[in-house]
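Asks: Quick one: structure below, then a few questions.
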Amino acid sequence: MPRFPAAPKRALVRAVNTGGHEDLEGPHPSTLEADPVPDPTQPGPGQRWSTWRSVAKGQRGPDPHPDWLVTLDAAFDTELGILKTGKEADAFLIERAVPPGAGPAGATAERCLLVAKRYRSLEHGQFHRGTEYTEGRRVRRTRDQRAMEDRKSAWGRAVSATQWADAEFVALRDLWSAGAPVPYPVQIDGTEVLMEFVGTEVTDEAGRTQAVAAPRLTRERPSDDLLESYWEQLTHGMAVLARLGFAHGDLSPYNILADGERLVIIDLPQVVDLVSNPFASDVLLRDCRTVCAWFAARGLDADADALFADLLAQAL
């Protein structure tokens, strides 16, 4: 009898029990046929084709599109990880890039970083003050409006789950077009809003590149000059909101990013209609008091009542 059994005719590795541990019987793994080389022109694990063309034109960001935005059909969306978890949504870092050689010659942009904000269903969200923000808010179709009022129906829950995403995308689109300091809204697809990533990319000594999101204003200790610049940028953004007939609704140093010398207002799903919402004045005054308290604590003369009166005057 031969000392070793004959090698199997086909590549096979199976485990045999040898008293508490497993040995591999069959050809050494190095002799097995290698996995096929992935096709670089097809999405791999954690990737999808760019969804830019799969949504209607009205679901894309306003013209003109920024030069940094990748709009080529050959691009992949690659999920790089989670940036932030919230009460009603989670934010993921997405790289939209065209594989080498797949894009047309002379393309203006072949790679960009985006944030995918994905809203949860009502059953899985933790946002409990919805009525204060949505009072007076209407949806386009009366059928959807009736469904939202009936939270017991599956359709009503589905429509309600998308209203936060819709509200944020529309607010970002209008604010961006009006010159407010907000992220560029790339597109909306169901309960996912894609928007500009606010931050930088740094490369370490080993040549590895990492995306670093801009810090929230609450963590910053700006100089006197920068503090005054931040105040001017913030009040300008709040004024643009007011002139469009809205208040942020949840404005605080936690919802403002400090991207170097640039301020960026984020988290706008709960924008409040200053005309039709009966709680609008209270919400706007709360926003004013919250941001003024942060600036006043750092030595700036920030009067919440004066800011509130100025914003109301611009809204009327």
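Identifiers in this document derive from the order of the structure tokens: chains are assigned A, B, ..., residues are numbered from 1 separately in each chain, and ligands are numbered from 1 in order of occurrence.
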Compile a residue-level contact table for stretch 156-212 of chain A against stretch 224-247 of chain A at a cut-off of 9 Å, reporting for every qualifying residue the shortest atom pair and its distance in Å to one decimal, with only C-alpha atoms counted, rows ordered by chain and ascending number, as JSON lines.
Replies:
```
{"residue": "A:Ala171", "atom": "CA", "partner": "A:Leu241", "partner_atom": "CA", "distance": 8.8}
{"residue": "A:Asp174", "atom": "CA", "partner": "A:Leu244", "partner_atom": "CA", "distance": 8.1}
{"residue": "A:Leu175", "atom": "CA", "partner": "A:Leu241", "partner_atom": "CA", "distance": 6.9}
{"residue": "A:Ala178", "atom": "CA", "partner": "A:Val240", "partner_atom": "CA", "distance": 6.9}
{"residue": "A:Gly179", "atom": "CA", "partner": "A:Val240", "partner_atom": "CA", "distance": 7.7}
{"residue": "A:Ala180", "atom": "CA", "partner": "A:Gly237", "partner_atom": "CA", "distance": 4.9}
{"residue": "A:Pro181", "atom": "CA", "partner": "A:Gly237", "partner_atom": "CA", "distance": 6.0}
{"residue": "A:Val182", "atom": "CA", "partner": "A:Gly237", "partner_atom": "CA", "distance": 8.3}
```
Asks: Go ahead and write the selection's residues with C-alpha atoms as a PDB file, in the first residue's frame.
Replies:
```pdb
ATOM      1  CA  ALA A 171     -33.543  72.966   0.730  1.00  0.00           C
ATOM      2  CA  ASP A 174     -32.521  76.189  -3.358  1.00  0.00           C
ATOM      3  CA  LEU A 175     -29.941  77.407  -0.848  1.00  0.00           C
ATOM      4  CA  ALA A 178     -29.129  81.377  -3.789  1.00  0.00           C
ATOM      5  CA  GLY A 179     -25.497  81.462  -2.625  1.00  0.00           C
ATOM      6  CA  ALA A 180     -25.841  80.064   0.890  1.00  0.00           C
ATOM      7  CA  PRO A 181     -22.892  78.205   2.497  1.00  0.00           C
ATOM      8  CA  VAL A 182     -24.214  74.635   2.175  1.00  0.00           C
TER       9      VAL A 182
END
```
Asks: Within 6 Å of stretch 110-113 of chain A, counting only C-alpha atoms, which residues qualify if same-chain residues fewer than 5 places away don't, as a PyMOL selection string?
Replies: chain A and resi 70+94-98+197
Asks: Compile the contact shell of A:Thr200 as a PyMOL selection string: residues with an atom at most 12 Å away, counting only C-alpha atoms, same-chain residues fewer than 2 positions apart removed.
Replies: chain A and resi 112-114+196-198+202-203+209-215+258-260
Asks: For the residues in the current selection, export C-alpha atoms as a PDB file, in the first residue's frame.
Replies:
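Final file, selection.pdb:
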```
ATOM      1  CA  CYS A 112     -14.610  62.911  -6.359  1.00  0.00           C
ATOM      2  CA  LEU A 113     -15.673  62.245  -2.779  1.00  0.00           C
ATOM      3  CA  LEU A 114     -19.337  62.422  -1.814  1.00  0.00           C
ATOM      4  CA  GLU A 196     -20.557  67.264  -1.545  1.00  0.00           C
ATOM      5  CA  PHE A 197     -18.008  65.933   0.936  1.00  0.00           C
ATOM      6  CA  VAL A 198     -16.758  68.839   3.028  1.00  0.00           C
ATOM      7  CA  VAL A 202      -4.188  64.000   3.576  1.00  0.00           C
ATOM      8  CA  THR A 203      -1.318  61.730   2.594  1.00  0.00           C
ATOM      9  CA  THR A 209      -4.334  58.938   1.383  1.00  0.00           C
ATOM     10  CA  GLN A 210      -7.130  59.443   3.894  1.00  0.00           C
ATOM     11  CA  ALA A 211     -10.228  61.619   3.769  1.00  0.00           C
ATOM     12  CA  VAL A 212     -10.639  63.911   6.780  1.00  0.00           C
ATOM     13  CA  ALA A 213     -14.049  65.487   7.290  1.00  0.00           C
ATOM     14  CA  ALA A 214     -14.200  69.135   8.313  1.00  0.00           C
ATOM     15  CA  PRO A 215     -14.688  69.513  12.082  1.00  0.00           C
ATOM     16  CA  ALA A 258     -15.581  74.732   9.895  1.00  0.00           C
ATOM     17  CA  ASP A 259     -13.717  73.916   6.686  1.00  0.00           C
ATOM     18  CA  GLY A 260     -10.649  76.078   7.223  1.00  0.00           C
TER      19      GLY A 260
END
```
